[in-house]
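One structure below.
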Amino acid sequence: GIKPGDLIIKLDNEEVSGLSLSDAVDKMRGKVGTPITLTIIRKDTPEPVVVKLNRAVIKIKSVRDKMV
C-alpha cells in the first residue's frame, strides 16, 4: 500500500514531474471502478514501487469543534 512520505512519480506510466498538484489530482480522478497505476518512490526502498488501485468515492466526515 501507500505509506506516509511516499512520493508519486508516475500516474499510469506518465511522469508527474512538472505538473501542479491540481493537475495531478485531475489525472487521478476518473470514473468509479476504473483502474489507475501509481509508481511511487519510498525512502527505505531502492526501487520504485508500483501500486494498482481501482478508483472509488472517498467519503470524508466533517468534524465540528467548539471553544469551551
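Ligands are numbered from 1 in the order shown, chains are lettered A, B, ... in the order of the C-alpha cells, and residues start at 1 in each chain.
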
12 Å contact set for A:Val57, only C-alpha atoms, chain neighbours under 2 positions out, as a PyMOL selection string = chain A and resi 29-34+54-55+59-60

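The space between atom CA of A:Gly1 and atom CA of A:Met28 spans 16.3 Å.
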
Contact residues around A:Asp12 with only C-alpha atoms at 8 Å, ignoring same-chain residues under 5 positions, as a PDB file with C-alpha atoms, in the first residue's frame:
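Printed below is around-v2.pdb as written:
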ATOM      1  CA  ILE A  36      -5.083   3.509 -12.103  1.00  0.00           C
ATOM      2  CA  THR A  37      -1.438   2.590 -11.620  1.00  0.00           C
ATOM      3  CA  LEU A  38       0.730   4.714  -9.332  1.00  0.00           C
ATOM      4  CA  THR A  39       4.512   4.470  -9.338  1.00  0.00           C
TER       5      THR A  39
END

Nearby residues (only C-alpha atoms) at most 12 Å from A:Lys3, same-chain spacing under 5 positions excluded, as a list in words |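 Listing them by chain and then by number gives Ile8, Ile40, Ile41, Arg42, Lys43, Asp44, Thr45, Val49 and Val51 of chain A.
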
Which of stretch 10-68 of chain A fall in alpha helix (DSSP H), as a count of residues only | 8

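Selecting strand (DSSP E) from the backbone DSSP output for chain A yields Leu7, Ile8, Ile9, Lys10, Leu11, Glu14, Glu15, Pro35, Ile36, Thr37, Leu38, Thr39, Ile40, Ile41, Val49, Val50, Val51, Lys52, Leu53 and Asn54 of chain A.
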
Would you write out those residues with N, CA and C atoms, as a tab-separated table (two decimals), in the first residue's frame?
chain	number	residue	atom	x	y	z
A	7	LEU	N	6.33	9.28	-2.45
A	7	LEU	CA	6.28	10.31	-3.47
A	7	LEU	C	5.81	9.67	-4.78
A	8	ILE	N	4.69	10.15	-5.31
A	8	ILE	CA	4.17	9.63	-6.57
A	8	ILE	C	4.99	10.24	-7.71
A	9	ILE	N	5.57	9.37	-8.55
A	9	ILE	CA	6.38	9.87	-9.67
A	9	ILE	C	5.72	9.62	-11.02
A	10	LYS	N	4.78	8.66	-11.07
A	10	LYS	CA	4.08	8.37	-12.33
A	10	LYS	C	2.62	8.03	-12.05
A	11	LEU	N	1.76	8.44	-12.97
A	11	LEU	CA	0.35	8.07	-12.97
A	11	LEU	C	0.10	7.37	-14.29
A	14	GLU	N	2.79	7.83	-16.83
A	14	GLU	CA	3.03	9.20	-17.27
A	14	GLU	C	3.69	9.96	-16.13
A	15	GLU	N	4.87	10.53	-16.40
A	15	GLU	CA	5.61	11.28	-15.39
A	15	GLU	C	4.77	12.43	-14.84
A	35	PRO	N	-9.39	1.37	-13.19
A	35	PRO	CA	-8.07	1.20	-12.57
A	35	PRO	C	-7.14	2.38	-12.84
A	36	ILE	N	-6.17	2.55	-11.93
A	36	ILE	CA	-5.08	3.51	-12.10
A	36	ILE	C	-3.84	2.88	-11.49
A	37	THR	N	-2.70	3.11	-12.11
A	37	THR	CA	-1.44	2.59	-11.62
A	37	THR	C	-0.58	3.76	-11.16
A	38	LEU	N	-0.14	3.69	-9.90
A	38	LEU	CA	0.73	4.71	-9.33
A	38	LEU	C	2.12	4.12	-9.18
A	39	THR	N	3.13	4.87	-9.59
A	39	THR	CA	4.51	4.47	-9.34
A	39	THR	C	5.04	5.43	-8.29
A	40	ILE	N	5.51	4.88	-7.18
A	40	ILE	CA	5.96	5.72	-6.08
A	40	ILE	C	7.39	5.39	-5.70
A	41	ILE	N	8.06	6.36	-5.11
A	41	ILE	CA	9.37	6.10	-4.53
A	41	ILE	C	9.24	6.26	-3.02
A	49	VAL	N	8.09	1.55	-6.38
A	49	VAL	CA	7.02	0.61	-6.05
A	49	VAL	C	5.82	0.93	-6.94
A	50	VAL	N	5.25	-0.10	-7.57
A	50	VAL	CA	4.08	0.08	-8.43
A	50	VAL	C	2.85	-0.40	-7.67
A	51	VAL	N	1.84	0.49	-7.57
A	51	VAL	CA	0.62	0.18	-6.84
A	51	VAL	C	-0.55	0.32	-7.82
A	52	LYS	N	-1.35	-0.73	-7.94
A	52	LYS	CA	-2.52	-0.70	-8.81
A	52	LYS	C	-3.76	-0.53	-7.94
A	53	LEU	N	-4.58	0.47	-8.26
A	53	LEU	CA	-5.77	0.78	-7.49
A	53	LEU	C	-6.98	0.87	-8.40
A	54	ASN	N	-8.15	0.71	-7.83
A	54	ASN	CA	-9.40	1.00	-8.53
A	54	ASN	C	-9.96	2.27	-7.93
